[in-house]
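Heads up, query_32.cif below (mmCIF, C-alpha atoms):
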data_structure
loop_
_atom_site.group_PDB
_atom_site.id
_atom_site.type_symbol
_atom_site.label_atom_id
_atom_site.label_comp_id
_atom_site.auth_asym_id
_atom_site.auth_seq_id
_atom_site.Cartn_x
_atom_site.Cartn_y
_atom_site.Cartn_z
ATOM 1 C CA MET A 16 -0.442 -18.803 7.651
ATOM 2 C CA SER A 17 -3.597 -17.366 6.182
ATOM 3 C CA ALA A 18 -3.673 -16.860 2.428
ATOM 4 C CA LYS A 19 -3.878 -13.085 2.313
ATOM 5 C CA THR A 20 -3.358 -11.327 -0.957
ATOM 6 C CA PHE A 21 -0.966 -8.487 -1.514
ATOM 7 C CA SER A 22 -0.438 -5.925 -4.227
ATOM 8 C CA TYR A 23 2.711 -5.235 -6.205
ATOM 9 C CA SER A 24 3.162 -1.878 -4.536
ATOM 10 C CA GLN A 25 3.154 -3.543 -1.125
ATOM 11 C CA TYR A 26 5.671 -6.100 -2.388
ATOM 12 C CA PHE A 27 8.097 -3.525 -3.754
ATOM 13 C CA TYR A 28 7.706 -1.385 -0.676
ATOM 14 C CA THR A 29 8.796 -4.374 1.420
ATOM 15 C CA VAL A 30 11.692 -5.091 -0.937
ATOM 16 C CA PHE A 31 12.759 -1.474 -0.669
ATOM 17 C CA ILE A 32 12.759 -1.432 3.139
ATOM 18 C CA ILE A 33 14.647 -4.724 3.379
ATOM 19 C CA PHE A 34 17.201 -3.541 0.847
ATOM 20 C CA ILE A 35 17.770 -0.309 2.801
ATOM 21 C CA ILE A 36 18.470 -2.332 5.923
ATOM 22 C CA TRP A 37 20.853 -4.569 3.964
ATOM 23 C CA TYR A 38 22.633 -1.547 2.558
ATOM 24 C CA ALA A 39 22.952 0.077 5.988
ATOM 25 C CA PHE A 40 24.652 -3.042 7.284
ATOM 26 C CA THR A 41 27.036 -3.592 4.366
ATOM 27 C CA THR A 42 27.704 0.054 3.397
ATOM 28 C CA SER A 43 29.662 -0.930 0.317
ATOM 29 C CA LEU A 44 29.105 -0.068 -3.329
ATOM 30 C CA GLN A 45 30.674 -3.268 -4.675
ATOM 31 C CA PRO A 46 28.427 -4.742 -7.392
ATOM 32 C CA ALA A 47 28.546 -8.219 -5.853
ATOM 33 C CA GLU A 48 27.237 -6.942 -2.521
ATOM 34 C CA ILE A 49 24.454 -4.932 -4.128
ATOM 35 C CA VAL A 50 23.325 -7.775 -6.392
ATOM 36 C CA THR A 51 23.298 -10.201 -3.469
ATOM 37 C CA GLY A 52 21.303 -7.643 -1.511
ATOM 38 C CA ILE A 53 18.700 -7.216 -4.235
ATOM 39 C CA VAL A 54 18.283 -10.953 -4.754
ATOM 40 C CA LEU A 55 17.967 -11.590 -1.032
ATOM 41 C CA SER A 56 15.519 -8.696 -0.557
ATOM 42 C CA LEU A 57 13.294 -10.019 -3.340
ATOM 43 C CA LEU A 58 13.350 -13.458 -1.749
ATOM 44 C CA VAL A 59 12.823 -12.354 1.868
ATOM 45 C CA ALA A 60 10.113 -9.902 0.834
ATOM 46 C CA TYR A 61 8.275 -12.678 -0.987
ATOM 47 C CA ILE A 62 8.171 -14.734 2.220
ATOM 48 C CA THR A 63 7.372 -11.901 4.637
ATOM 49 C CA VAL A 64 5.226 -9.476 2.649
ATOM 50 C CA VAL A 65 1.947 -10.930 3.930
ATOM 51 C CA ASN A 66 2.873 -10.213 7.536
ATOM 52 C CA PHE A 67 5.022 -7.195 6.862
ATOM 53 C CA SER A 68 2.468 -4.990 5.134
ATOM 54 C CA CYS A 69 -0.313 -4.619 7.639
ATOM 55 C CA CYS A 70 -1.257 -1.280 6.168
ATOM 56 C CA ASN A 71 -1.010 0.571 2.917
ATOM 57 C CA PRO A 72 2.133 2.627 2.579
ATOM 58 C CA ILE A 73 1.425 6.326 2.721
ATOM 59 C CA LEU A 74 2.737 8.722 0.144
ATOM 60 C CA ILE A 75 5.605 10.629 1.702
ATOM 61 C CA THR A 76 5.649 14.363 1.065
ATOM 62 C CA PRO A 77 8.227 16.903 2.278
ATOM 63 C CA ALA A 78 5.787 18.024 4.968
ATOM 64 C CA HIS A 79 5.762 14.472 6.300
ATOM 65 C CA ILE A 80 9.519 14.465 6.621
ATOM 66 C CA ILE A 81 9.344 17.624 8.697
ATOM 67 C CA TYR A 82 6.692 16.015 10.909
ATOM 68 C CA PHE A 83 8.808 12.888 11.237
ATOM 69 C CA ILE A 84 11.728 14.983 12.400
ATOM 70 C CA GLN A 85 9.429 16.866 14.790
ATOM 71 C CA TYR A 86 8.138 13.535 16.098
ATOM 72 C CA PHE A 87 11.668 12.283 16.544
ATOM 73 C CA PHE A 88 12.550 15.233 18.753
ATOM 74 C CA VAL A 89 9.335 15.064 20.786
ATOM 75 C CA PHE A 90 10.115 11.397 21.261
ATOM 76 C CA LEU A 91 13.774 11.898 22.164
ATOM 77 C CA VAL A 92 12.965 14.484 24.812
ATOM 78 C CA ALA A 93 10.307 12.185 26.272
ATOM 79 C CA LEU A 94 12.709 9.237 26.279
ATOM 80 C CA VAL A 95 15.403 11.121 28.157
ATOM 81 C CA LYS A 96 12.838 12.481 30.620
ATOM 82 C CA ALA A 97 11.490 8.955 31.118
ATOM 83 C CA ASN A 98 14.902 7.683 32.048
ATOM 84 C CA PHE A 99 15.601 10.387 34.569
ATOM 85 C CA ASP A 100 12.124 9.901 35.995
ATOM 86 C CA VAL A 101 12.577 6.171 36.513
ATOM 87 C CA ALA A 102 16.097 6.700 37.803
ATOM 88 C CA LYS A 103 14.815 9.181 40.401
ATOM 89 C CA ARG A 104 12.141 6.786 41.582
ATOM 90 C CA VAL A 105 14.558 3.895 41.835
ATOM 91 C CA ILE A 106 17.146 5.844 43.802
ATOM 92 C CA ASN A 107 14.619 7.357 46.210
ATOM 93 C CA PRO A 108 14.639 5.207 49.377
ATOM 94 C CA LYS A 109 10.849 5.572 49.766
ATOM 95 C CA LEU A 110 10.197 4.207 46.260
ATOM 96 C CA PRO A 111 7.458 6.745 45.379
ATOM 97 C CA ILE A 112 5.131 4.731 43.150
ATOM 98 C CA ASN A 113 1.356 4.479 42.891
ATOM 99 C CA PRO A 114 0.737 2.045 40.058
ATOM 100 C CA GLY A 115 -2.524 1.512 38.227
ATOM 101 C CA ILE A 116 -3.904 0.533 34.847
ATOM 102 C CA VAL A 117 -5.685 3.298 32.978
ATOM 103 C CA SER A 118 -7.284 3.437 29.552
ATOM 104 C CA PHE A 119 -7.939 6.058 26.914
ATOM 105 C CA GLU A 120 -9.257 6.161 23.379
ATOM 106 C CA THR A 121 -7.188 7.238 20.437
ATOM 107 C CA LYS A 122 -8.348 9.167 17.398
ATOM 108 C CA LEU A 123 -5.865 7.382 15.169
ATOM 109 C CA LYS A 124 -7.273 4.830 12.753
ATOM 110 C CA ASN A 125 -4.153 3.674 10.944
ATOM 111 C CA ASN A 126 -2.666 0.499 12.446
ATOM 112 C CA PHE A 127 0.908 1.547 11.875
ATOM 113 C CA ALA A 128 0.280 4.880 13.595
ATOM 114 C CA LYS A 129 -1.268 3.041 16.542
ATOM 115 C CA MET A 130 1.808 0.851 16.761
ATOM 116 C CA VAL A 131 4.074 3.884 16.768
ATOM 117 C CA LEU A 132 1.945 5.541 19.445
ATOM 118 C CA ALA A 133 1.920 2.407 21.624
ATOM 119 C CA ASN A 134 5.684 2.022 21.381
ATOM 120 C CA SER A 135 6.250 5.681 22.149
ATOM 121 C CA ILE A 136 4.013 5.483 25.212
ATOM 122 C CA THR A 137 5.979 2.501 26.457
ATOM 123 C CA LEU A 138 9.194 4.486 26.216
ATOM 124 C CA THR A 139 7.932 7.617 27.975
ATOM 125 C CA PRO A 140 7.822 8.460 31.684
ATOM 126 C CA GLY A 141 6.222 5.793 33.823
ATOM 127 C CA THR A 142 3.861 4.339 31.240
ATOM 128 C CA LEU A 143 3.751 0.890 29.666
ATOM 129 C CA THR A 144 1.241 -0.158 27.012
ATOM 130 C CA ILE A 145 -0.341 -3.428 28.080
ATOM 131 C CA ASP A 146 -2.884 -3.867 25.309
ATOM 132 C CA VAL A 147 -4.570 -2.152 22.385
ATOM 133 C CA VAL A 148 -8.139 -3.277 21.688
ATOM 134 C CA GLY A 149 -9.623 -1.442 18.736
ATOM 135 C CA ASP A 150 -9.323 2.233 19.649
ATOM 136 C CA LYS A 151 -8.711 1.644 23.335
ATOM 137 C CA PHE A 152 -5.255 1.725 24.830
ATOM 138 C CA TYR A 153 -4.628 0.090 28.206
ATOM 139 C CA ILE A 154 -1.675 1.604 29.984
ATOM 140 C CA HIS A 155 0.131 0.553 33.131
ATOM 141 C CA TRP A 156 1.036 3.826 34.813
ATOM 142 C CA ILE A 157 3.665 3.830 37.514
ATOM 143 C CA ASP A 158 2.320 6.928 39.250
ATOM 144 C CA VAL A 159 -1.399 7.526 38.731
ATOM 145 C CA THR A 160 -2.004 11.199 39.460
ATOM 146 C CA THR A 161 -5.529 11.529 38.113
ATOM 147 C CA GLU A 162 -8.559 9.420 37.299
ATOM 148 C CA ASN A 163 -10.144 11.900 34.921
ATOM 149 C CA LYS A 164 -10.215 10.444 31.391
ATOM 150 C CA ASN A 165 -9.374 13.719 29.675
ATOM 151 C CA GLU A 166 -6.449 14.429 31.920
ATOM 152 C CA ILE A 167 -5.136 10.901 31.486
ATOM 153 C CA TYR A 168 -5.254 11.398 27.737
ATOM 154 C CA LYS A 169 -3.531 14.754 28.015
ATOM 155 C CA GLU A 170 -0.784 13.441 30.269
ATOM 156 C CA ILE A 171 0.030 10.302 28.333
ATOM 157 C CA ALA A 172 -0.826 10.558 24.673
ATOM 158 C CA GLU A 173 -1.404 14.103 23.539
ATOM 159 C CA PRO A 174 2.085 15.260 22.547
ATOM 160 C CA PHE A 175 2.634 12.219 20.327
ATOM 161 C CA GLU A 176 -0.841 11.942 18.944
ATOM 162 C CA LYS A 177 -0.867 15.561 17.810
ATOM 163 C CA VAL A 178 2.070 14.949 15.503
ATOM 164 C CA LEU A 179 0.887 11.514 14.375
ATOM 165 C CA LEU A 180 -2.523 12.911 13.469
ATOM 166 C CA LYS A 181 -0.833 15.424 11.201
ATOM 167 C CA ILE A 182 1.033 12.633 9.404
ATOM 168 C CA TYR A 183 -1.689 10.002 9.125
ATOM 169 C CA GLY A 184 -4.834 12.005 9.601
ATOM 170 C CA SER A 185 -7.763 10.122 11.037
ATOM 171 C CA GLU A 186 -8.430 7.969 7.968
ATOM 172 C CA LYS A 187 -7.431 4.310 7.664
ATOM 173 C CA MET B 30 41.853 15.011 11.807
ATOM 174 C CA ASP B 31 43.657 13.675 14.833
ATOM 175 C CA THR B 32 42.154 16.206 17.194
ATOM 176 C CA LEU B 33 38.700 15.451 15.837
ATOM 177 C CA ASN B 34 39.159 11.741 16.541
ATOM 178 C CA TYR B 35 40.486 12.627 19.966
ATOM 179 C CA ILE B 36 37.394 14.731 20.773
ATOM 180 C CA LEU B 37 35.030 12.110 19.329
ATOM 181 C CA GLU B 38 36.671 9.441 21.445
ATOM 182 C CA TYR B 39 36.032 11.411 24.621
ATOM 183 C CA ILE B 40 32.425 12.154 23.664
ATOM 184 C CA GLY B 41 32.050 8.441 22.948
ATOM 185 C CA LEU B 42 33.488 7.528 26.329
ATOM 186 C CA PHE B 43 31.039 9.926 27.952
ATOM 187 C CA PHE B 44 28.108 8.224 26.222
ATOM 188 C CA VAL B 45 29.370 4.785 27.249
ATOM 189 C CA LEU B 46 29.660 5.953 30.865
ATOM 190 C CA LEU B 47 26.178 7.490 30.789
ATOM 191 C CA GLY B 48 24.784 4.324 29.261
ATOM 192 C CA SER B 49 26.342 2.105 31.882
ATOM 193 C CA ILE B 50 24.911 4.311 34.641
ATOM 194 C CA PHE B 51 21.427 3.934 33.147
ATOM 195 C CA LEU B 52 21.873 0.194 32.755
ATOM 196 C CA PHE B 53 22.915 -0.015 36.401
ATOM 197 C CA LEU B 54 19.842 1.990 37.469
ATOM 198 C CA GLY B 55 17.665 -0.291 35.386
ATOM 199 C CA ALA B 56 19.103 -3.312 37.161
ATOM 200 C CA LEU B 57 18.562 -1.630 40.531
ATOM 201 C CA GLY B 58 14.987 -0.906 39.527
ATOM 202 C CA ILE B 59 14.368 -4.558 38.687
ATOM 203 C CA TYR B 60 15.647 -5.439 42.153
ATOM 204 C CA ARG B 61 13.645 -2.823 44.052
ATOM 205 C CA MET B 62 10.249 -2.710 42.345
ATOM 206 C CA PRO B 63 7.382 -4.626 43.947
ATOM 207 C CA ASP B 64 5.840 -6.473 40.996
ATOM 208 C CA LEU B 65 6.369 -7.624 37.435
ATOM 209 C CA TYR B 66 4.806 -4.605 35.727
ATOM 210 C CA ASN B 67 6.837 -2.042 37.615
ATOM 211 C CA ARG B 68 9.932 -4.111 37.012
ATOM 212 C CA LEU B 69 9.210 -4.119 33.310
ATOM 213 C CA GLN B 70 8.896 -0.338 33.443
ATOM 214 C CA ALA B 71 12.263 0.086 35.096
ATOM 215 C CA GLY B 72 13.846 -2.548 32.898
ATOM 216 C CA THR B 73 12.513 -1.269 29.590
ATOM 217 C CA LYS B 74 13.122 2.416 29.892
ATOM 218 C CA ALA B 75 16.469 2.484 31.590
ATOM 219 C CA SER B 76 17.880 -0.328 29.518
ATOM 220 C CA THR B 77 16.646 1.164 26.237
ATOM 221 C CA LEU B 78 18.405 4.467 26.723
ATOM 222 C CA GLY B 79 21.357 2.729 28.382
ATOM 223 C CA ALA B 80 21.913 0.321 25.520
ATOM 224 C CA MET B 81 21.350 3.019 22.894
ATOM 225 C CA SER B 82 23.796 5.306 24.589
ATOM 226 C CA VAL B 83 26.501 2.641 24.921
ATOM 227 C CA VAL B 84 26.119 1.663 21.260
ATOM 228 C CA LEU B 85 26.214 5.318 20.168
ATOM 229 C CA GLY B 86 29.330 5.876 22.270
ATOM 230 C CA VAL B 87 31.085 2.963 20.575
ATOM 231 C CA GLY B 88 29.978 4.407 17.237
ATOM 232 C CA LEU B 89 31.609 7.751 18.023
ATOM 233 C CA MET B 90 34.838 6.032 19.021
ATOM 234 C CA GLN B 91 34.843 3.960 15.817
ATOM 235 C CA PRO B 92 33.287 6.231 13.155
ATOM 236 C CA ASN B 93 33.478 3.493 10.460
ATOM 237 C CA TRP B 94 30.872 1.488 12.325
ATOM 238 C CA LEU B 95 28.563 4.408 12.958
ATOM 239 C CA ILE B 96 25.917 3.621 10.292
ATOM 240 C CA LYS B 97 25.628 -0.022 11.315
ATOM 241 C CA LEU B 98 25.380 0.993 14.942
ATOM 242 C CA ILE B 99 22.627 3.504 14.164
ATOM 243 C CA VAL B 100 20.659 0.665 12.560
ATOM 244 C CA ILE B 101 21.177 -1.330 15.761
ATOM 245 C CA ILE B 102 19.963 1.668 17.818
ATOM 246 C CA LEU B 103 16.800 1.884 15.719
ATOM 247 C CA PHE B 104 16.293 -1.820 16.152
ATOM 248 C CA ILE B 105 16.644 -1.544 19.930
ATOM 249 C CA GLY B 106 14.215 1.374 19.866
ATOM 250 C CA ILE B 107 11.583 -0.694 18.068
ATOM 251 C CA SER B 108 12.050 -4.114 19.629
ATOM 252 C CA ASN B 109 12.513 -3.161 23.271
ATOM 253 C CA PRO B 110 9.104 -1.563 23.943
ATOM 254 C CA LEU B 111 7.448 -4.226 21.788
ATOM 255 C CA SER B 112 8.856 -7.099 23.818
ATOM 256 C CA SER B 113 8.030 -5.511 27.167
ATOM 257 C CA HIS B 114 4.471 -4.889 25.956
ATOM 258 C CA ALA B 115 4.199 -8.549 24.921
ATOM 259 C CA LEU B 116 5.505 -9.707 28.300
ATOM 260 C CA ALA B 117 3.106 -7.455 30.215
ATOM 261 C CA ARG B 118 0.087 -8.476 28.147
ATOM 262 C CA ALA B 119 0.859 -12.193 28.353
ATOM 263 C CA SER B 120 1.417 -12.112 32.109
ATOM 264 C CA TYR B 121 -1.798 -10.176 32.725
ATOM 265 C CA ARG B 122 -3.737 -12.705 30.691
ATOM 266 C CA ARG B 123 -2.066 -15.553 32.545
ATOM 267 C CA GLY B 124 -3.513 -14.094 35.747
ATOM 268 C CA ILE B 125 -0.579 -12.280 37.332
ATOM 269 C CA ARG B 126 -2.252 -9.334 39.103
ATOM 270 C CA PRO B 127 -0.422 -6.029 39.485
ATOM 271 C CA PHE B 128 0.484 -4.458 42.789
ATOM 272 C CA PHE B 129 -1.749 -1.503 43.735
ATOM 273 C CA LYS B 130 -1.578 0.984 46.539
ATOM 274 C CA LYS B 131 -5.029 2.151 45.579
ATOM 275 C CA LYS B 132 -6.903 -0.004 43.126
ATOM 276 C CA MET B 133 -7.191 1.453 39.628
ATOM 277 C CA ASP B 134 -7.579 -1.193 36.962
ATOM 278 C CA ASP B 135 -9.458 -0.557 33.708
ATOM 279 C CA TYR B 136 -8.053 -3.609 32.000
ATOM 280 C CA GLU B 137 -9.731 -6.096 34.319
ATOM 281 C CA SER B 138 -13.223 -5.342 32.969
ATOM 282 C CA GLN B 139 -11.962 -5.629 29.394
ATOM 283 C CA ILE B 140 -10.653 -9.145 30.079
ATOM 284 C CA ARG B 141 -13.922 -10.059 31.753
ATOM 285 C CA ASP B 142 -15.895 -8.823 28.734
ATOM 286 C CA GLU B 143 -13.831 -10.962 26.398
ATOM 287 C CA ARG B 144 -14.540 -14.165 28.300
#

Serialized structure, structure tokens:
Amino acid sequence: MSAKTFSYSQYFYTVFIIFIIWYAFTTSLQPAEIVTGIVLSLLVAYITVVNFSCCNPILITPAHIIYFIQYFFVFLVALVKANFDVAKRVINPKLPINPGIVSFETKLKNNFAKMVLANSITLTPGTLTIDVVGDKFYIHWIDVTTENKNEIYKEIAEPFEKVLLKIYGSEK
Amino acid sequence: MDTLNYILEYIGLFFVLLGSIFLFLGALGIYRMPDLYNRLQAGTKASTLGAMSVVLGVGLMQPNWLIKLIVIILFIGISNPLSSHALARASYRRGIRPFFKKKMDDYESQIRDER
């Protein structure tokens, strides 16, 4: 493991996230459970913080929460559509696929936002993120309908990126 | 209270049924698709929604477990696309070439540039 440094805010952010997960699993207010949770979170965070905090935590404002909810719905609709899409292709006796690997460039700079975008693309209709190199996303597309870069971007990434850009902006 | 539980149980059963249908379609997709990448597509998407839906259905039938199950759903939602991405990337770099009807491969030149 490389000896990266981390700040206190990153450390407590990690502790906080781990404790929330602990609390969601135990869902009890008994002091013993909570104390155990805090001690364990402090310990686990100390071990994992270097790998956990790839990026500075952003300050969450009420507007962000609204965008997160908006993102969640955009994502949910896309996920359900993706499933019906794949299901249709699988059931169809002709197996209507025309696979190819396409690429596009993202405007996002924040690593966490890129991760969210890549994961969302993987879960949406007929697309699977193969690699992210810098700003370039390489996508395996089950049914390539166009070779025009702009249209590829519009088809695959635009609905998600619009919302993510509002949350993270284009700064690091 | 009883009627509410009764309704929730039926909604839960519906979600479990829906989930199992998606899981079945995912399995069928893995059987029918021509190459690894398309199989990953079918496997990831159908099984993500399938598993989420089954877990949510169980959560509606047993409301005490709901919060824990929602954490599991989030975990599936994060880990499933991540693992399929890792599999696809590793197999491409190991030299497993995708199936094309008409060749369209931007990633090939990227790999060549790196070497």

ask   = Care to translate the PyMOL selection byres ((chain A) within 9 of (chain B)) into actual residues of this file, as JSON, numbers by chain?
value = {"A": [36, 39, 40, 41, 42, 94, 95, 97, 98, 99, 101, 102, 104, 105, 106, 110, 112, 113, 114, 115, 116, 117, 118, 131, 133, 134, 135, 136, 137, 138, 139, 140, 141, 142, 143, 144, 145, 146, 148, 153, 154, 155, 156, 157, 159, 162]}

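Atom pair CA of Asp150 in chain A / CA of Phe104 in chain B: separated by 26.2 Å.
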
query = Taking only C-alpha atoms into account, which of B:Pro92, B:Leu103, B:Leu65, B:Glu38 comes nearest Gly124 in chain B?
reply = B:Leu65

ask   = Quick one: distance from CA of Tyr23 in chain A to CA of Leu179 in chain A in Å, one decimal?
value =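 Separation of CA of Tyr23 in chain A and CA of Leu179 in chain A: 26.6 Å.
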
Within 9 Å of file point (24.6, 7.2, 26.0), counting all atoms listed in the file, expressed as a compact mmCIF listing (two decimals) with C-alpha atoms, in the frame of the given file:
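Saved file result.txt follows:
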# COMPACT_ATOMS: atom_id res chain seq x y z
CA GLY B 41 32.05 8.44 22.95
CA LEU B 42 33.49 7.53 26.33
CA PHE B 43 31.04 9.93 27.95
CA PHE B 44 28.11 8.22 26.22
CA VAL B 45 29.37 4.78 27.25
CA LEU B 46 29.66 5.95 30.86
CA LEU B 47 26.18 7.49 30.79
CA GLY B 48 24.78 4.32 29.26
CA SER B 49 26.34 2.10 31.88
CA PHE B 51 21.43 3.93 33.15
CA LEU B 78 18.40 4.47 26.72
CA GLY B 79 21.36 2.73 28.38
CA ALA B 80 21.91 0.32 25.52
CA MET B 81 21.35 3.02 22.89
CA SER B 82 23.80 5.31 24.59
CA VAL B 83 26.50 2.64 24.92
CA VAL B 84 26.12 1.66 21.26
CA LEU B 85 26.21 5.32 20.17
CA GLY B 86 29.33 5.88 22.27

remark   = re CA of Asn66 in chain A and CA of Glu176 in chain A: distance 25.2 Å

task = Determine the residue set returned by the PyMOL selection byres ((chain A and resi 171-174) around 8) for the present structure, and present it as a PyMOL selection string.
result = chain A and resi 89+132+136+142+167-170+175-178

inquiry  = Residues near Ile53 in chain A, anyone? I mean within 10 Å using all atoms listed in the file, not counting same-chain ones fewer than 4 positions away, as a VMD selection string.
reply    = chain A and resid 30 to 31 33 to 35 37 to 38 48 to 49 57 to 59

Would you mind exporting C-alpha atoms of the selected residues as a PDB file, keeping the file's coordinate frame?
ATOM      1  CA  VAL A  30      11.692  -5.091  -0.937  1.00  0.00           C
ATOM      2  CA  PHE A  31      12.759  -1.474  -0.669  1.00  0.00           C
ATOM      3  CA  ILE A  33      14.647  -4.724   3.379  1.00  0.00           C
ATOM      4  CA  PHE A  34      17.201  -3.541   0.847  1.00  0.00           C
ATOM      5  CA  ILE A  35      17.770  -0.309   2.801  1.00  0.00           C
ATOM      6  CA  TRP A  37      20.853  -4.569   3.964  1.00  0.00           C
ATOM      7  CA  TYR A  38      22.633  -1.547   2.558  1.00  0.00           C
ATOM      8  CA  GLU A  48      27.237  -6.942  -2.521  1.00  0.00           C
ATOM      9  CA  ILE A  49      24.454  -4.932  -4.128  1.00  0.00           C
ATOM     10  CA  LEU A  57      13.294 -10.019  -3.340  1.00  0.00           C
ATOM     11  CA  LEU A  58      13.350 -13.458  -1.749  1.00  0.00           C
ATOM     12  CA  VAL A  59      12.823 -12.354   1.868  1.00  0.00           C
TER      13      VAL A  59
END

task = Name the closest residue to Tyr26 in chain A among the candidates A:Ser43, A:Val64, A:Ser56, A:Phe152; distances are taken between atoms, counting only C-alpha atoms.
result =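 Selected residue with least distance to Tyr26 in chain A: A:Val64.
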
Would you mind completing range 90-108 of chain B to N, CA and C atoms and writing the output as an mmCIF file, keeping the file's coordinate frame?
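The new file selection-v5.cif reads:
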data_model
loop_
_atom_site.group_PDB
_atom_site.id
_atom_site.type_symbol
_atom_site.label_atom_id
_atom_site.label_comp_id
_atom_site.auth_asym_id
_atom_site.auth_seq_id
_atom_site.Cartn_x
_atom_site.Cartn_y
_atom_site.Cartn_z
ATOM 1 N N MET B 90 33.426 6.391 18.911
ATOM 2 C CA MET B 90 34.838 6.032 19.021
ATOM 3 C C MET B 90 35.351 5.366 17.757
ATOM 4 N N GLN B 91 34.463 4.636 17.062
ATOM 5 C CA GLN B 91 34.843 3.960 15.817
ATOM 6 C C GLN B 91 33.942 4.456 14.694
ATOM 7 N N PRO B 92 34.220 5.641 14.118
ATOM 8 C CA PRO B 92 33.287 6.231 13.155
ATOM 9 C C PRO B 92 32.943 5.331 11.964
ATOM 10 N N ASN B 93 33.813 4.360 11.611
ATOM 11 C CA ASN B 93 33.478 3.493 10.460
ATOM 12 C C ASN B 93 32.245 2.644 10.741
ATOM 13 N N TRP B 94 31.994 2.368 11.992
ATOM 14 C CA TRP B 94 30.872 1.488 12.325
ATOM 15 C C TRP B 94 29.585 2.258 12.544
ATOM 16 N N LEU B 95 29.668 3.582 12.465
ATOM 17 C CA LEU B 95 28.563 4.408 12.958
ATOM 18 C C LEU B 95 27.229 4.050 12.311
ATOM 19 N N ILE B 96 27.202 3.857 10.971
ATOM 20 C CA ILE B 96 25.917 3.621 10.292
ATOM 21 C C ILE B 96 25.295 2.313 10.763
ATOM 22 N N LYS B 97 26.139 1.256 10.834
ATOM 23 C CA LYS B 97 25.628 -0.022 11.315
ATOM 24 C C LYS B 97 25.082 0.113 12.726
ATOM 25 N N LEU B 98 25.811 0.860 13.552
ATOM 26 C CA LEU B 98 25.380 0.993 14.942
ATOM 27 C C LEU B 98 24.084 1.788 15.042
ATOM 28 N N ILE B 99 23.894 2.761 14.133
ATOM 29 C CA ILE B 99 22.627 3.504 14.164
ATOM 30 C C ILE B 99 21.467 2.579 13.816
ATOM 31 N N VAL B 100 21.707 1.646 12.868
ATOM 32 C CA VAL B 100 20.659 0.665 12.560
ATOM 33 C C VAL B 100 20.342 -0.162 13.804
ATOM 34 N N ILE B 101 21.400 -0.545 14.538
ATOM 35 C CA ILE B 101 21.177 -1.330 15.761
ATOM 36 C C ILE B 101 20.382 -0.507 16.772
ATOM 37 N N ILE B 102 20.702 0.803 16.881
ATOM 38 C CA ILE B 102 19.963 1.668 17.818
ATOM 39 C C ILE B 102 18.484 1.709 17.450
ATOM 40 N N LEU B 103 18.203 1.866 16.146
ATOM 41 C CA LEU B 103 16.800 1.884 15.719
ATOM 42 C C LEU B 103 16.122 0.566 16.072
ATOM 43 N N PHE B 104 16.867 -0.512 15.867
ATOM 44 C CA PHE B 104 16.293 -1.820 16.152
ATOM 45 C C PHE B 104 15.983 -1.976 17.638
ATOM 46 N N ILE B 105 16.908 -1.508 18.488
ATOM 47 C CA ILE B 105 16.644 -1.544 19.930
ATOM 48 C C ILE B 105 15.410 -0.714 20.241
ATOM 49 N N GLY B 106 15.333 0.472 19.604
ATOM 50 C CA GLY B 106 14.215 1.374 19.866
ATOM 51 C C GLY B 106 12.867 0.784 19.490
ATOM 52 N N ILE B 107 12.852 -0.087 18.458
ATOM 53 C CA ILE B 107 11.583 -0.694 18.068
ATOM 54 C C ILE B 107 11.296 -1.949 18.890
ATOM 55 N N SER B 108 12.310 -2.789 19.059
ATOM 56 C CA SER B 108 12.050 -4.114 19.629
ATOM 57 C C SER B 108 11.891 -4.092 21.147
#
